[in-house]
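Visitor: For reference, the file upload04.csv (CSV, C-alpha atoms) is included below:
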chain,number,residue,atom,x,y,z
O,7,MET,CA,-76.4,60.5,30.1
O,8,ASP,CA,-77.3,56.9,31.1
O,9,ALA,CA,-77.9,56.1,27.4
O,10,LEU,CA,-74.5,57.5,26.6
O,11,LEU,CA,-72.8,55.4,29.3
O,12,ARG,CA,-74.6,52.2,28.2
O,13,SER,CA,-73.5,52.8,24.6
O,14,GLY,CA,-70.0,53.3,25.8
O,15,TYR,CA,-69.9,49.8,27.2
O,16,GLN,CA,-71.9,48.3,24.3
O,17,PRO,CA,-70.8,50.1,21.1
O,18,SER,CA,-73.1,47.8,19.1
O,19,LEU,CA,-76.1,49.7,20.5
O,20,ILE,CA,-75.1,53.0,18.9
O,21,PRO,CA,-77.3,53.6,15.9
O,22,PRO,CA,-75.6,54.4,12.6
O,23,LEU,CA,-75.7,58.0,11.3
O,24,ASN,CA,-77.9,58.5,8.3
O,25,GLN,CA,-79.8,61.2,6.4
O,26,ASP,CA,-82.7,61.2,8.8
O,27,VAL,CA,-80.7,62.6,11.7
O,28,ALA,CA,-82.7,65.4,13.2
O,29,GLU,CA,-79.9,67.5,14.7
O,30,ARG,CA,-76.5,68.0,13.2
O,31,TYR,CA,-73.5,69.5,14.9
O,32,ILE,CA,-70.9,71.0,12.5
O,33,ILE,CA,-67.4,70.1,13.5
O,34,PRO,CA,-65.3,73.3,13.1
O,35,PRO,CA,-62.1,72.9,11.0
O,36,SER,CA,-58.9,72.6,12.9
O,37,PRO,CA,-55.2,72.4,12.0
O,38,PRO,CA,-53.6,68.9,11.7
O,39,ALA,CA,-53.2,67.3,15.0
O,40,SER,CA,-49.5,67.2,16.1
O,41,ILE,CA,-48.4,64.3,18.3
O,42,HIS,CA,-45.6,64.9,20.8
O,43,TYR,CA,-43.6,62.0,22.2
O,44,THR,CA,-42.4,63.0,25.7
O,45,GLY,CA,-40.7,59.7,26.5
O,46,LEU,CA,-37.0,58.8,26.2
O,47,PRO,CA,-35.5,59.1,22.7
O,48,LEU,CA,-35.0,55.4,22.2
O,49,ASP,CA,-33.5,55.7,18.7
O,50,GLN,CA,-30.7,57.9,20.0
O,51,ILE,CA,-30.3,55.8,23.1
O,52,GLU,CA,-30.0,52.6,21.2
O,53,ASP,CA,-27.1,54.1,19.1
O,54,ALA,CA,-25.5,55.6,22.2
O,55,ILE,CA,-25.6,52.3,24.1
O,56,GLU,CA,-22.9,50.8,21.9
O,57,ARG,CA,-20.5,53.5,23.0
O,58,SER,CA,-21.5,53.3,26.7
O,59,VAL,CA,-18.7,52.6,29.1
O,60,ALA,CA,-20.8,49.9,30.7
O,61,MET,CA,-21.3,48.0,27.4
O,62,GLN,CA,-17.6,48.3,26.6
O,63,ASN,CA,-16.6,46.9,30.0
O,64,ALA,CA,-19.1,44.1,29.7
O,65,ARG,CA,-17.9,43.2,26.2
O,66,ARG,CA,-14.4,42.6,27.6
O,67,VAL,CA,-15.9,39.9,29.7
O,68,LEU,CA,-18.4,38.5,27.3
O,69,VAL,CA,-16.5,38.5,24.0
O,70,ARG,CA,-13.5,36.2,24.1
O,71,LYS,CA,-11.2,38.0,21.7
O,72,GLN,CA,-8.4,36.4,19.8
O,73,GLN,CA,-5.1,38.0,20.6
O,74,LYS,CA,-3.5,39.8,17.8
O,75,MET,CA,-0.2,41.7,17.5
O,76,SER,CA,1.6,43.0,14.4
O,77,GLY,CA,4.7,45.1,13.8
O,78,ARG,CA,8.3,45.0,13.1
O,79,PRO,CA,10.8,45.0,16.0
O,80,VAL,CA,13.7,47.4,15.9
O,81,THR,CA,16.1,44.7,16.9
O,82,PRO,CA,15.8,40.9,16.5
O,83,LEU,CA,13.8,39.3,19.2
O,84,HIS,CA,15.6,37.2,21.8
O,85,LYS,CA,14.4,33.7,22.7
O,86,GLY,CA,12.8,35.2,25.9
O,87,HIS,CA,10.8,37.7,23.9
O,88,VAL,CA,9.6,35.0,21.5
O,89,GLY,CA,8.7,32.8,24.4
O,90,LEU,CA,6.7,35.6,26.1
O,91,LEU,CA,4.9,36.4,22.8
O,92,ALA,CA,4.2,32.8,22.1
O,93,CYS,CA,2.8,32.0,25.6
O,94,SER,CA,0.5,35.0,25.5
O,95,GLY,CA,-1.0,33.8,22.2
O,96,MET,CA,0.5,36.5,20.0
O,97,LEU,CA,2.2,34.0,17.7
O,98,ASN,CA,-0.7,31.7,17.0
O,99,GLY,CA,-0.4,30.6,13.4
O,100,PHE,CA,1.0,28.2,10.9
O,101,PHE,CA,4.6,27.0,11.2
O,102,GLY,CA,7.1,24.4,9.9
O,103,GLU,CA,7.2,22.4,6.7
O,104,GLY,CA,6.7,18.9,5.5
O,105,ASP,CA,5.5,16.5,8.2
O,106,ASP,CA,6.2,19.1,10.9
O,107,ARG,CA,3.9,21.7,9.4
O,108,HIS,CA,1.4,22.7,12.0
O,109,ILE,CA,-0.9,25.3,13.4
O,110,ALA,CA,-0.1,26.4,17.0
O,111,HIS,CA,-2.5,27.8,19.6
O,112,TRP,CA,-1.3,29.1,23.0
O,113,ARG,CA,-3.5,30.3,25.7
O,114,ALA,CA,-3.3,31.2,29.4
O,115,VAL,CA,-5.6,29.4,31.8
O,116,LYS,CA,-6.4,30.4,35.3
O,117,HIS,CA,-6.3,27.7,37.9
O,118,VAL,CA,-7.7,27.9,41.4
O,119,ASP,CA,-5.9,25.7,43.8
O,120,GLY,CA,-7.6,24.2,46.8
O,121,GLU,CA,-8.9,26.3,49.6
O,122,PHE,CA,-6.7,27.0,52.6
O,123,ASN,CA,-8.7,27.6,55.7
O,124,GLU,CA,-7.2,29.5,58.6
O,125,GLU,CA,-8.5,30.5,62.0
O,126,GLY,CA,-9.2,34.2,62.3
O,127,GLU,CA,-8.4,36.4,65.2
O,128,GLU,CA,-11.8,36.3,66.7
O,129,VAL,CA,-13.4,33.1,68.1
O,130,GLY,CA,-15.2,31.1,65.4
O,131,GLU,CA,-13.8,33.2,62.6
O,132,THR,CA,-12.4,31.3,59.6
O,133,ILE,CA,-10.5,32.9,56.8
O,134,ILE,CA,-10.8,31.1,53.5
O,135,ARG,CA,-7.9,31.6,51.1
O,136,LYS,CA,-7.8,30.5,47.5
O,137,ARG,CA,-4.6,30.4,45.4
O,138,GLU,CA,-5.1,31.6,41.8
O,139,ARG,CA,-2.4,31.2,39.2
O,140,PHE,CA,-2.1,31.1,35.5
O,141,SER,CA,-0.8,28.2,33.4
O,142,HIS,CA,-0.1,28.1,29.7
O,143,GLU,CA,-1.5,25.5,27.4
O,144,LEU,CA,-0.4,24.8,23.8
O,145,THR,CA,-2.3,22.9,21.2
O,146,LEU,CA,-0.6,21.8,17.9
O,147,ALA,CA,-2.6,20.4,15.0
O,148,PHE,CA,-0.3,19.0,12.3
O,149,GLU,CA,-1.2,19.0,8.6
O,150,ASN,CA,-0.9,15.2,8.6
O,151,GLY,CA,-3.7,14.9,11.2
O,152,ARG,CA,-1.6,14.5,14.4
O,153,ILE,CA,-2.5,16.6,17.4
O,154,LEU,CA,-0.3,17.4,20.4
O,155,GLU,CA,-1.5,19.1,23.5
O,156,LEU,CA,0.8,20.5,26.2
O,157,LYS,CA,-1.1,21.3,29.4
O,158,GLU,CA,-1.4,20.6,33.1
O,159,THR,CA,-3.3,17.5,34.1
O,160,LYS,CA,-4.6,16.3,37.4
O,161,GLU,CA,-2.9,13.5,39.1
O,162,ASN,CA,-5.2,10.5,39.9
O,163,GLY,CA,-8.2,12.7,40.0
O,164,ARG,CA,-6.9,15.0,42.7
O,165,ASN,CA,-7.1,18.7,42.2
O,166,SER,CA,-4.0,20.0,40.6
O,167,SER,CA,-1.6,21.7,43.0
O,168,HIS,CA,1.4,23.7,42.2
O,169,GLU,CA,3.8,21.0,43.5
O,170,GLY,CA,1.9,18.1,41.9
O,171,VAL,CA,1.6,19.6,38.4
O,172,THR,CA,2.6,17.3,35.6
O,173,HIS,CA,3.0,18.5,32.1
O,174,GLN,CA,2.0,15.9,29.5
O,175,LEU,CA,1.8,15.7,25.8
O,176,GLU,CA,-1.4,13.9,24.9
O,177,HIS,CA,-1.4,12.3,21.5
O,178,SER,CA,-4.3,11.5,19.3
O,179,SER,CA,-5.1,11.3,15.6
O,180,ALA,CA,-8.6,12.7,15.6
O,181,MET,CA,-8.2,15.0,12.7
I,12,MET,CA,-31.3,52.9,13.7
I,13,LYS,CA,-35.0,53.8,13.6
I,14,ASN,CA,-38.0,52.3,15.4
I,15,ALA,CA,-36.0,51.3,18.5
I,16,HIS,CA,-39.2,51.1,20.5
I,17,GLU,CA,-39.9,47.8,18.6
I,18,ARG,CA,-36.7,46.3,20.0
I,19,PHE,CA,-36.8,47.6,23.6
I,20,GLY,CA,-38.4,45.6,26.3
I,21,LYS,CA,-39.1,46.4,29.9
I,22,LEU,CA,-37.6,45.4,33.2
I,23,VAL,CA,-40.0,45.6,36.1
I,24,TYR,CA,-38.9,45.3,39.7
I,25,VAL,CA,-41.5,45.3,42.5
I,26,ARG,CA,-40.7,45.0,46.2
I,27,ARG,CA,-43.2,45.4,49.0
I,28,THR,CA,-42.4,45.7,52.6
I,29,GLU,CA,-44.6,46.5,55.6
I,30,LYS,CA,-44.1,50.2,55.2
I,31,THR,CA,-43.0,50.8,51.6
I,32,ALA,CA,-43.7,49.5,48.1
I,33,THR,CA,-41.1,49.9,45.4
I,34,ASN,CA,-42.1,49.7,41.8
I,35,ILE,CA,-39.5,50.4,39.1
I,36,ARG,CA,-39.9,50.1,35.3
I,37,LEU,CA,-36.9,50.5,33.1
I,38,HIS,CA,-36.3,50.2,29.4
I,39,LEU,CA,-34.5,46.9,28.6
I,40,ASP,CA,-32.1,47.2,25.8
I,41,ALA,CA,-30.8,43.6,25.8
I,42,PHE,CA,-31.6,40.4,27.6
I,43,VAL,CA,-30.2,36.9,27.6
I,44,GLY,CA,-31.9,34.2,29.6
I,45,GLU,CA,-32.9,30.6,29.9
I,46,GLU,CA,-36.1,28.8,30.7
I,47,ARG,CA,-37.0,28.3,34.3
I,48,GLY,CA,-36.3,31.8,35.4
I,49,LYS,CA,-32.5,32.0,34.8
I,50,ALA,CA,-31.3,35.3,33.5
I,51,HIS,CA,-27.7,35.8,32.2
I,52,LEU,CA,-27.6,39.3,30.8
I,53,ALA,CA,-29.7,42.4,31.2
I,54,SER,CA,-28.9,45.9,29.9
I,55,VAL,CA,-31.2,48.6,31.2
I,56,ILE,CA,-31.3,52.4,31.0
I,57,GLY,CA,-32.9,54.9,33.3
I,58,GLY,CA,-32.4,57.7,35.7
I,59,ASP,CA,-29.9,57.8,38.6
I,60,VAL,CA,-32.3,56.6,41.3
I,61,GLU,CA,-33.9,53.8,39.3
I,62,ILE,CA,-30.6,52.4,38.1
I,63,GLY,CA,-29.2,52.6,41.6
I,64,ALA,CA,-32.1,50.8,43.0
I,65,ILE,CA,-32.0,48.1,40.3
I,66,ALA,CA,-28.3,47.6,40.8
I,67,ALA,CA,-28.8,47.1,44.5
I,68,ALA,CA,-31.6,44.6,43.9
I,69,LEU,CA,-29.6,42.6,41.3
I,70,ALA,CA,-26.6,42.5,43.6
I,71,ASN,CA,-28.9,41.2,46.3
I,72,GLY,CA,-30.0,38.4,44.0
I,73,ASP,CA,-33.6,39.5,43.8
I,74,MET,CA,-36.0,38.3,41.1
I,75,PHE,CA,-37.4,40.7,38.5
I,76,THR,CA,-39.8,40.7,35.6
I,77,VAL,CA,-38.7,41.1,32.0
I,78,ILE,CA,-41.3,42.0,29.3
I,79,ASP,CA,-40.1,41.4,25.8
I,80,PRO,CA,-41.1,43.7,22.9
I,81,THR,CA,-44.1,41.5,22.1
I,82,GLY,CA,-45.4,41.8,25.6
I,83,VAL,CA,-44.5,38.3,26.9
I,84,GLU,CA,-43.5,38.5,30.6
I,85,SER,CA,-41.1,36.2,32.5
I,86,VAL,CA,-39.9,36.4,36.1
I,87,VAL,CA,-36.2,35.8,36.3
I,88,GLY,CA,-33.1,36.2,38.4
I,89,LEU,CA,-29.4,36.6,37.7
I,90,GLY,CA,-28.3,34.4,40.6
I,91,GLU,CA,-25.7,35.2,43.2
I,92,LYS,CA,-23.0,37.9,42.8
I,93,PRO,CA,-23.8,39.1,39.3
I,94,LEU,CA,-21.2,41.3,37.6
I,95,LEU,CA,-22.5,44.9,37.3
I,96,PHE,CA,-21.2,47.4,34.8
I,97,ARG,CA,-22.4,51.0,35.0
I,98,GLY,CA,-22.1,53.8,32.5
I,99,SER,CA,-23.7,57.1,31.4
I,100,ILE,CA,-25.4,58.1,28.2
I,101,VAL,CA,-25.3,61.8,27.4
I,102,LEU,CA,-28.0,63.0,25.1
I,103,ALA,CA,-28.0,66.5,23.6
I,104,GLU,CA,-31.7,67.2,24.5
I,105,ARG,CA,-31.4,66.2,28.2
I,106,LYS,CA,-29.8,68.2,31.0
I,107,ARG,CA,-28.8,65.1,33.0
I,108,PRO,CA,-27.2,62.1,31.5
I,109,LEU,CA,-29.1,58.8,31.5
I,110,ARG,CA,-27.6,55.9,33.4
I,111,HIS,CA,-26.8,52.6,31.8
I,112,LEU,CA,-26.4,49.3,33.7
I,113,VAL,CA,-25.3,46.0,32.3
I,114,ALA,CA,-25.6,43.0,34.6
I,115,CYS,CA,-24.2,39.5,33.8
I,116,SER,CA,-24.6,36.3,35.7
I,117,GLN,CA,-21.5,34.6,37.1
I,118,GLU,CA,-22.2,31.6,34.8
I,119,LEU,CA,-22.1,33.8,31.7
I,120,ALA,CA,-18.8,35.4,32.7
I,121,ASP,CA,-17.2,32.2,33.8
I,122,THR,CA,-14.2,31.5,31.5
I,123,SER,CA,-13.1,28.4,33.3
I,124,SER,CA,-16.3,26.3,32.8
I,125,ASP,CA,-15.5,23.0,31.3
I,126,GLY,CA,-19.0,21.8,30.4
I,127,LYS,CA,-21.6,24.4,29.6
I,128,LEU,CA,-20.5,27.4,27.6
I,129,LEU,CA,-22.9,30.3,27.3
I,130,LEU,CA,-22.6,32.7,24.4
I,131,ILE,CA,-24.4,36.0,23.8
I,132,SER,CA,-24.7,35.8,20.1
I,133,ASN,CA,-25.7,33.2,17.5
I,134,GLU,CA,-23.5,34.5,14.8
I,135,SER,CA,-21.3,31.7,13.4
I,136,THR,CA,-18.0,33.7,13.5
I,137,PHE,CA,-18.6,34.7,17.1
I,138,ILE,CA,-19.5,31.1,18.1
I,139,TRP,CA,-16.5,29.6,16.4
I,140,SER,CA,-14.1,32.3,17.8
I,141,SER,CA,-15.5,31.8,21.3
I,142,LEU,CA,-15.1,28.0,21.1
I,143,VAL,CA,-11.5,28.3,19.8
I,144,SER,CA,-10.6,30.7,22.5
I,145,HIS,CA,-12.4,28.9,25.3
I,146,TYR,CA,-11.2,25.4,24.6
I,147,GLY,CA,-7.8,26.4,23.2
I,148,LEU,CA,-8.4,24.9,19.7
I,149,SER,CA,-5.9,25.3,16.9
I,150,ALA,CA,-8.1,26.6,14.2
I,151,THR,CA,-8.6,29.4,11.8
I,152,PRO,CA,-11.8,31.4,11.1
I,153,ASP,CA,-12.2,29.7,7.7
I,154,TRP,CA,-12.3,26.2,9.1
I,155,GLY,CA,-15.8,24.7,9.3
I,156,VAL,CA,-16.1,21.7,11.5
I,157,ARG,CA,-19.5,20.8,10.1
I,158,THR,CA,-18.3,21.0,6.5
I,159,ARG,CA,-15.1,19.1,7.5
I,160,ASN,CA,-13.1,21.9,5.7
I,161,LEU,CA,-9.8,21.9,7.7
I,162,VAL,CA,-7.4,23.0,4.9
I,163,PHE,CA,-4.0,24.4,5.7
I,164,PRO,CA,-3.1,27.6,3.7
I,165,PRO,CA,-0.3,27.4,1.2
I,166,GLU,CA,1.9,29.9,3.2
I,167,ASN,CA,2.9,29.9,6.9
I,168,GLY,CA,1.8,32.9,8.9
I,169,PRO,CA,-0.4,34.2,11.7
I,170,VAL,CA,-4.1,33.4,12.0
I,171,GLU,CA,-6.1,36.5,11.4
I,172,TRP,CA,-9.5,36.6,13.1
I,173,PRO,CA,-12.0,39.2,11.8
I,174,PRO,CA,-13.3,41.8,14.3
I,175,ILE,CA,-16.5,40.6,15.9
I,176,GLN,CA,-19.6,42.7,15.8
I,177,LEU,CA,-22.5,41.9,18.0
I,178,ALA,CA,-25.9,42.5,16.5
I,179,LYS,CA,-29.2,42.6,18.4
I,180,HIS,CA,-31.6,39.8,17.7
I,181,ILE,CA,-35.2,39.5,18.8
I,182,SER,CA,-36.3,36.0,19.4
As C-alpha cells, what does this structure read like?

Guide:
Amino acid sequence: MDALLRSGYQPSLIPPLNQDVAERYIIPPSPPASIHYTGLPLDQIEDAIERSVAMQNARRVLVRKQQKMSGRPVTPLHKGHVGLLACSGMLNGFFGEGDDRHIAHWRAVKHVDGEFNEEGEEVGETIIRKRERFSHELTLAFENGRILELKETKENGRNSSHEGVTHQLEHSSAM
Amino acid sequence: MKNAHERFGKLVYVRRTEKTATNIRLHLDAFVGEERGKAHLASVIGGDVEIGAIAAALANGDMFTVIDPTGVESVVGLGEKPLLFRGSIVLAERKRPLRHLVACSQELADTSSDGKLLLISNESTFIWSSLVSHYGLSATPDWGVRTRNLVFPPENGPVEWPPIQLAKHIS
C-alpha cells in the first residue's frame, strides 16, 4: 500500500509494463462509457438570455436607439404635429436645396436644475429637491460646410436655470 | 450556439460575518469592466436564492470576483446605486425557471455625461450610432469621420439607421 501511495505522488517511479510481468489481470470488456452532464444547459441558456426580460430592459438603457417613424397620415399634418415630430427626432434627415440643403438632427436632453433644500418636519431633517426637465436641441449641417446648433447654454458659467435659459445659434465652419 | 461553456465566466461573491459565511458562484454571461476594479455590466444566471442574494449585494455596493472563461480572476465593484434588471429563463427540462440578473453601473447608464462615454460593444455601427445619439450629431450611418466621407445623398429624405445587433466578444 505504501509503495502504491508513493507512486501516486511520484508517477515517474512506476515501472513500465513489459513482457516479463509475472501476474496479469485481465480487464473485462465493458460497454462504452457514457458521460452525463448534470450542470445547467448553457447552450440553451445562452440562446434564451437574448429573449430575457432583464436583457431587453437593460438594452433600452444601454443601446441608444435612433428614433424612427414611417407611415402616411390620413389628413395633412398641422404645424403643431410637424413640430412635435421634429422635436422628438422623428423627422431627422435631409432637407432643402441649394445653399440651404442640410441634414437636421433633433434630440431631447434632460437637464437637472440646481438642488433646492428645504427643512423637513423633524428637527435636523433636510429635504433635497432636484428639478428635472427636458430641453430640445437641434443640429444642422449644411452641404456647404456650415453648421448651426440650437441649444441651451449656460450664462457666465452658472448652472442653467429655467428662467436664465438662453437659446443661441452657434456658428462654425468645421465641416 | 454551441460550446457556450467556453464563453461563460463565473461571478463569485464571498461574505463572512462572525456567525455566517456566504459563498455564491454564478454563471456569468456578460461582463464589462475597467482596470482598477471598476465593473460596469454583469449579466448572471442562477437560482432564486442566489440571484436574490447577489442582487442585494450589488445594490449594497459590495465587491465581487469575476472569473473570465480563461480563468483570470478580478475583484470588482459596480459602485453606488447600480441599475438592476431581473428576468426569468424558462427551460423545458427544468421544473423551475432560472433567474437572470443584469446589473449596470450608474456611469454606464448615464446619458447626460459630457466627457467619458462608455459603450458596451466595439462594433463600428453601434459606436457611430451611439456617438450620434449622445452628442446630437447630424450624421448618417454611411458617413465615416476617419475616412472623411461626408457626402450628402442625391435625394432629400429621412436618415435610416440599421437595426443594431449586439454580439458577445471574448477579450

Visitor: Using all atoms listed in the file, which chain O residues lie at most 6 Å away from chain I, written as a PyMOL selection string?

Guide: chain O and resi 48-49+58-60+70+98-101+110-111

Visitor: Range 112-118 of chain O: which residues within 7 Å, counting all atoms listed in the file, same-chain residues fewer than 5 positions away excluded, as a list in words?

Guide: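 My list of contacting residues is Ala92, Cys93, Ser94, Gly95, Asn98, Lys136, Arg137, Glu138, Arg139, Phe140, Ser141, His142, Glu143, Leu144 and Thr145 of chain O; Gly147 of chain I.
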
Visitor: For a quick check of understanding, using all atoms listed in the file, which of O:Lys74, O:Glu103, O:Ala9, O:Asn123 has the smallest distance to Glu149 in chain O?

Guide: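 Distance minimum relative to Glu149 in chain O lands on O:Glu103.
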
Visitor: With distances taken over all atoms listed in the file, which of O:Ile109, O:Leu68, O:Ala54, O:Ile20 is nearest to Leu128 in chain I?

Guide: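 For Leu128 in chain I, the nearest of the given residues is O:Leu68.
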
Visitor: What's the 12 Å shell around Thr33 in chain I, counting all atoms listed in the file, without same-chain residues fewer than 5 positions away, as a ChimeraX atom specification?

Guide: /I:23-28,60-61,64-65,68

Visitor: Given the selection you just returned, output its residues as a file containing C-alpha atoms, formatted as a JSON list (two decimals), in the coordinates of the input.

Guide:
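So the final result, stored in part_8.json, reads:
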[["chain", "number", "residue", "atom", "x", "y", "z"],
["I", 23, "VAL", "CA", -40.00, 45.60, 36.10],
["I", 24, "TYR", "CA", -38.90, 45.30, 39.70],
["I", 25, "VAL", "CA", -41.50, 45.30, 42.50],
["I", 26, "ARG", "CA", -40.70, 45.00, 46.20],
["I", 27, "ARG", "CA", -43.20, 45.40, 49.00],
["I", 28, "THR", "CA", -42.40, 45.70, 52.60],
["I", 60, "VAL", "CA", -32.30, 56.60, 41.30],
["I", 61, "GLU", "CA", -33.90, 53.80, 39.30],
["I", 64, "ALA", "CA", -32.10, 50.80, 43.00],
["I", 65, "ILE", "CA", -32.00, 48.10, 40.30],
["I", 68, "ALA", "CA", -31.60, 44.60, 43.90]]

Visitor: Go through I:Ala41, I:Gly155, I:Ala66, I:Ala32 and flag the residue nearest Pro80 in chain I, using only C-alpha atoms for the distances.

Guide: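 Looking at the shortest contact to Pro80 in chain I, the residue is I:Ala41.
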
Visitor: Using only C-alpha atoms for the distances, tell me which of O:Val67, O:Glu56, O:His87, O:Gln25 is nearest to Ser116 in chain I.

Guide: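 Among the listed residues, O:Val67 lies closest to Ser116 in chain I.
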
Visitor: Work out how far CA of Met61 in chain O is from CA of Asp73 in chain I, in Å to one decimal.

Guide: 22.2 Å

Visitor: At what distance in Å, to one decimal, does CA of Gln117 in chain I lie from CA of Asn71 in chain I?

Guide: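 Answer for the CA of Asn71 in chain I to CA of Gln117 in chain I separation: 13.5 Å.
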
Visitor: Which value, in Å to one decimal, gives the distance between CA of Ile51 in chain O and CA of Lys92 in chain I?

Guide: 27.6 Å

Visitor: I:Gly20, I:Gly58, I:Asn133, I:Pro108: which is nearest Phe42 in chain I, counting only C-alpha atoms?

Guide: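 Looking at the shortest contact to Phe42 in chain I, the residue is I:Gly20.
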
Visitor: Near Ile134 in chain O, counting only C-alpha atoms, which residues have an atom at most 9 Å away, once you skip same-chain residues fewer than 3 positions from it, shown as a CSV table (one decimal) with C-alpha atoms, in the coordinates of the input?

Guide:
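The resulting file, around.csv, is reproduced below:
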chain,number,residue,atom,x,y,z
O,121,GLU,CA,-8.9,26.3,49.6
O,122,PHE,CA,-6.7,27.0,52.6
O,123,ASN,CA,-8.7,27.6,55.7
O,124,GLU,CA,-7.2,29.5,58.6
O,125,GLU,CA,-8.5,30.5,62.0

Visitor: Which residue gives the smallest distance to Arg135 in chain O among O:Asp8, O:Asp106, O:Asp119, O:Glu158, with all atoms listed in the file counted?

Guide: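 For Arg135 in chain O, the nearest of the candidates is O:Asp119.
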